[in-house]
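Below is work06.txt, which holds compact mmCIF, C-alpha atoms.
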# COMPACT_ATOMS: atom_id res chain seq x y z
CA MET A 1 144.20 57.28 112.10
CA ARG A 2 144.09 58.33 108.47
CA VAL A 3 146.93 60.71 107.58
CA TYR A 4 147.57 62.51 104.33
CA VAL A 5 151.19 62.71 103.20
CA PRO A 6 152.03 65.47 100.68
CA LEU A 7 154.40 64.50 97.88
CA THR A 8 155.44 65.35 94.36
CA LEU A 9 155.51 62.87 91.47
CA PRO A 10 159.27 62.28 91.96
CA GLY A 11 158.57 61.66 95.66
CA LEU A 12 155.85 59.18 94.75
CA ALA A 13 158.22 57.44 92.31
CA GLN A 14 160.83 57.15 95.05
CA ALA A 15 158.26 55.75 97.51
CA HIS A 16 157.01 53.28 94.90
CA LYS A 17 160.54 52.06 94.19
CA ALA A 18 161.40 51.75 97.91
CA GLY A 19 158.01 50.31 98.86
CA GLU A 20 157.67 52.88 101.63
CA LEU A 21 157.14 56.54 102.41
CA GLY A 22 160.18 57.74 104.27
CA PRO A 23 162.60 57.88 105.85
CA GLY A 24 161.01 59.65 108.77
CA PRO A 25 160.14 61.96 110.14
CA LEU A 26 157.31 62.47 107.68
CA THR A 27 155.07 65.51 107.70
CA ALA A 28 151.43 64.61 107.17
CA TYR A 29 147.99 66.07 107.86
CA ALA A 30 145.18 64.52 109.84
CA VAL A 31 142.03 65.32 111.77
CA THR A 32 143.64 66.82 114.87
CA PRO A 33 141.99 68.81 117.67
CA ALA A 34 143.34 72.02 116.10
CA LEU A 35 141.85 71.10 112.72
CA ARG A 36 138.49 70.30 114.34
CA GLU A 37 138.49 73.70 116.05
CA TRP A 38 139.59 75.55 112.91
CA TYR A 39 137.14 73.83 110.56
CA VAL A 40 134.23 73.87 113.04
CA SER A 41 132.53 70.67 111.97
CA ASP A 42 131.63 67.36 113.55
CA ASP A 43 131.30 65.57 110.21
CA ILE A 44 134.32 63.24 109.94
CA GLU A 45 134.15 63.16 106.13
CA GLU A 46 134.30 66.96 105.98
CA LEU A 47 137.17 66.99 108.45
CA GLU A 48 139.12 64.37 106.48
CA TYR A 49 138.50 66.39 103.31
CA ALA A 50 139.91 69.44 105.09
CA ALA A 51 143.01 67.44 106.13
CA LEU A 52 143.40 66.24 102.53
CA ASN A 53 143.24 69.84 101.32
CA ARG A 54 145.86 70.87 103.90
CA ALA A 55 148.12 68.16 102.47
CA ALA A 56 147.40 69.35 98.92
CA SER A 57 148.54 72.85 99.94
CA ALA A 58 151.71 71.34 101.42
CA SER A 59 152.27 69.44 98.15
CA LEU A 60 152.03 72.77 96.31
CA ARG A 61 154.77 74.09 98.61
CA LEU A 62 156.93 71.08 97.72
CA LEU A 63 156.36 71.85 94.03
CA ALA A 64 157.34 75.49 94.56
CA GLY A 65 160.63 74.25 96.02
CA ASP A 66 161.32 71.81 93.17
CA PRO A 67 161.03 73.51 89.77
CA GLU A 68 161.94 70.26 87.97
CA ALA A 69 159.00 68.27 89.40
CA PRO A 70 155.95 67.82 87.16
CA ARG A 71 153.25 70.25 88.22
CA ARG A 72 150.75 67.88 89.86
CA ARG A 73 149.96 67.87 93.54
CA ILE A 74 150.20 64.38 95.05
CA VAL A 75 148.81 63.22 98.41
CA VAL A 76 149.04 59.68 99.75
CA ALA A 77 146.36 58.63 102.26
CA VAL A 78 147.75 56.17 104.80
CA ASP A 79 146.34 54.58 107.92
CA VAL A 80 148.72 54.61 110.91
CA ALA A 81 148.30 53.92 114.60
CA ASP A 82 147.19 57.02 116.54
CA LYS A 83 150.36 56.84 118.64
CA ASP A 84 152.49 57.11 115.47
CA ALA A 85 151.02 60.49 114.42
CA ALA A 86 152.32 63.13 116.82
CA THR A 87 151.38 66.78 116.80
CA ASP A 88 154.00 69.38 117.61
CA SER A 89 152.57 70.59 120.89
CA GLU A 90 155.60 72.78 121.64
CA GLY A 91 155.75 74.80 118.44
CA PRO A 92 153.52 77.77 117.66
CA LEU A 93 150.27 76.95 115.87
CA THR A 94 150.12 78.75 112.54
CA VAL A 95 147.55 78.65 109.77
CA ASP A 96 149.88 76.43 107.73
CA SER A 97 150.43 73.98 110.59
CA ILE A 98 146.76 73.31 111.41
CA GLY A 99 146.23 69.56 111.12
CA GLU A 100 149.95 68.85 110.77
CA VAL A 101 151.33 65.68 112.33
CA ARG A 102 154.72 63.97 112.33
CA ILE A 103 155.28 60.30 111.64
CA ALA A 104 158.61 59.27 113.22
CA GLY A 105 159.60 56.48 110.85
CA PRO A 106 158.91 55.18 107.37
CA VAL A 107 155.47 53.85 106.43
CA ARG A 108 155.06 50.90 104.10
CA LEU A 109 153.37 51.97 100.89
CA ALA A 110 151.27 48.80 101.13
CA LYS A 111 149.45 50.51 104.03
CA ALA A 112 148.29 53.30 101.74
CA ALA A 113 144.54 53.54 101.25
CA ALA A 114 144.74 55.73 98.16
CA VAL A 115 146.71 58.25 96.17
CA HIS A 116 145.18 61.62 95.33
CA ALA A 117 146.54 63.57 92.36
CA ASP A 118 145.70 66.48 90.13
CA ALA A 119 144.11 65.78 86.77
CA ASP A 120 146.05 66.83 83.69
CA ASP A 121 143.77 69.86 83.22
CA ALA A 122 145.03 71.32 86.53
CA THR A 123 148.65 71.57 85.36
CA ALA A 124 148.51 75.19 84.17
CA ASP A 125 146.83 76.43 87.36
CA VAL A 126 149.14 74.39 89.62
CA THR A 127 152.19 75.70 87.73
CA ALA A 128 151.01 79.29 88.12
CA ALA A 129 150.19 78.72 91.80
CA ALA A 130 153.62 77.24 92.54
CA GLU A 131 155.25 80.28 90.92
CA ALA A 132 152.99 82.73 92.80
CA LEU A 133 153.23 81.08 96.23
CA GLY A 134 156.12 83.19 97.52
CA ALA A 135 154.40 86.45 96.60
CA ALA A 136 151.13 85.21 98.11
CA ASP A 137 152.95 84.44 101.36
CA ARG A 138 154.24 88.02 101.38
CA GLY A 139 150.67 89.35 101.17
CA ASP A 140 150.23 89.93 97.45
CA ASP A 141 146.45 89.64 96.87
CA ASP A 142 146.81 88.95 93.13
CA ALA A 143 149.23 86.11 93.84
CA ARG A 144 146.87 84.72 96.51
CA PHE A 145 144.13 84.67 93.86
CA VAL A 146 146.42 82.62 91.58
CA VAL A 147 147.22 80.18 94.41
CA ASP A 148 143.51 79.83 95.16
CA GLY A 149 142.99 78.93 91.49
CA ALA A 150 144.93 75.68 92.03
CA GLU A 151 142.88 74.94 95.12
CA ASP A 152 139.75 75.06 92.95
CA HIS A 153 140.86 71.78 91.35
CA GLU A 154 139.72 68.65 93.16
CA LEU A 155 142.35 65.95 93.52
CA LEU A 156 141.39 62.69 91.84
CA TRP A 157 141.36 59.36 93.71
CA PHE A 158 143.62 56.53 92.58
CA GLY A 159 144.10 53.07 94.03
CA VAL A 160 147.62 52.15 95.13
CA GLN A 161 147.77 49.63 92.29
CA GLU A 162 147.42 52.59 89.87
CA ILE A 163 150.69 54.23 90.97
CA PRO A 164 152.64 52.87 87.98
CA ALA A 165 150.13 54.48 85.61
CA LEU A 166 150.39 57.78 87.50
CA LEU A 167 154.15 57.69 87.16
CA GLY A 168 154.03 56.52 83.54

Conversion result in structure tokens:
Amino acid sequence: MRVYVPLTLPGLAQAHKAGELGPGPLTAYAVTPALREWYVSDDIEELEYAALNRAASASLRLLAGDPEAPRRRIVVAVDVADKDAATDSEGPLTVDSIGEVRIAGPVRLAKAAAVHADADDATADVTAAAEALGAADRGDDDARFVVDGAEDHELLWFGVQEIPALLG
């Protein structure tokens, strides 16, 4: 199963240094039954793109909680065994938790298929979105518009071997 792990650049640097994402449990996003129902598509590429975007939103939340982190959303795509990606079947399903899975332990960074990151030209919009996220969560329509502005930026694809350049 392909899962998408939201990070920040400092989180990616830590994973690169350690050679693994972790320790667990890790929150990630994947094509789950709830995501399939919510997105209403049978196209696996569209569903994986939706899971990637869910992880990008979670990365934005990580940025909002870490004002020192550079303002670029980071998502690492990793393949794990289906049994290693558990959904929280006991908790309430919310809009933010659609597609969310938990990985119990660390995952070797060598298993990563790719890293997705914002381009430099997204920095201003991502910065504004991270600052507006709290107000958007409280129902402020203007703040929601600002958050949506970051979501308009497509994350770029990078090979795992390009992580040092991303961190550079």

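Nearest to Trp157 of chain A of all the residues A:Leu60, A:Ala30, A:Val75, A:Ala132 is A:Val75, based on only C-alpha atoms.
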
Segment 14-21 of chain A surroundings by all atoms listed in the file, 7 Å radius, close-in-sequence under 5 positions cut, as JSON, numbers by chain: {"A": [106, 107, 108, 109]}

Residues around (144.3, 66.9, 94.3), cut-off 6 Å, counting all atoms listed in the file - what are they as a ChimeraX atom specification? /A:73,116-118,154-156

Output file for the selection above: C-alpha atoms, as a PDB file, in the coordinates of the input:
ATOM      1  CA  ARG A  73     149.960  67.870  93.540  1.00  0.00           C
ATOM      2  CA  HIS A 116     145.180  61.620  95.330  1.00  0.00           C
ATOM      3  CA  ALA A 117     146.540  63.570  92.360  1.00  0.00           C
ATOM      4  CA  ASP A 118     145.700  66.480  90.130  1.00  0.00           C
ATOM      5  CA  GLU A 154     139.720  68.650  93.160  1.00  0.00           C
ATOM      6  CA  LEU A 155     142.350  65.950  93.520  1.00  0.00           C
ATOM      7  CA  LEU A 156     141.390  62.690  91.840  1.00  0.00           C
TER       8      LEU A 156
END

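Closest approach to Gly24 of chain A among A:Val101, A:Ala124, A:Leu62, A:Ile163: A:Val101, based on all atoms listed in the file.
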
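If you measure from each of A:Glu162, A:Ala110, A:Val78, A:Arg61 to Thr8 of chain A using only C-alpha atoms, the closest one turns out to be A:Arg61.
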
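Distance annotation: of A:Ser97, A:Asp140, A:Gly11, A:Ala77, the residue with the minimal separation from Leu167 of chain A is A:Gly11; atom set is all atoms listed in the file.
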
Between atom CA of Val160 of chain A and atom CA of Pro25 of chain A lies a distance of 21.9 Å

Expressed in Å, the length from atom CA of Glu68 of chain A to atom CA of Glu131 of chain A is 12.4 Å

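These residues, each with an atom at most 10 Å from (137.3, 70.7, 113.5) using all atoms listed in the file, are Val31, Thr32, Pro33, Ala34, Leu35, Arg36, Glu37, Trp38, Tyr39, Val40, Ser41, Asp42, Asp43, Ile44, Glu46, Leu47, Glu48, Ala50, Ala51 and Gly99 of chain A.
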
Taking 5 positions as the minimum chain separation for residues in the same chain, which residues sit within 8 Å of Ile103 of chain A when counting all atoms listed in the file? Answer as a ChimeraX atom specification. /A:24-28,84-86

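Taking all atoms listed in the file into account, Ala112 of chain A lies nearest to A:Val3 out of the set A:Val3, A:Val126, A:Ala165, A:Val147.
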
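Atom pair atom CA of Thr123 of chain A / atom CA of Val146 of chain A has a distance of 12.9 Å (rounded to one decimal).
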
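When only C-alpha atoms are used to compute distances to Ala56 of chain A, the closest of the residues A:Asp137, A:Asp142, A:Asp121, A:Asp96 turns out to be A:Asp96.
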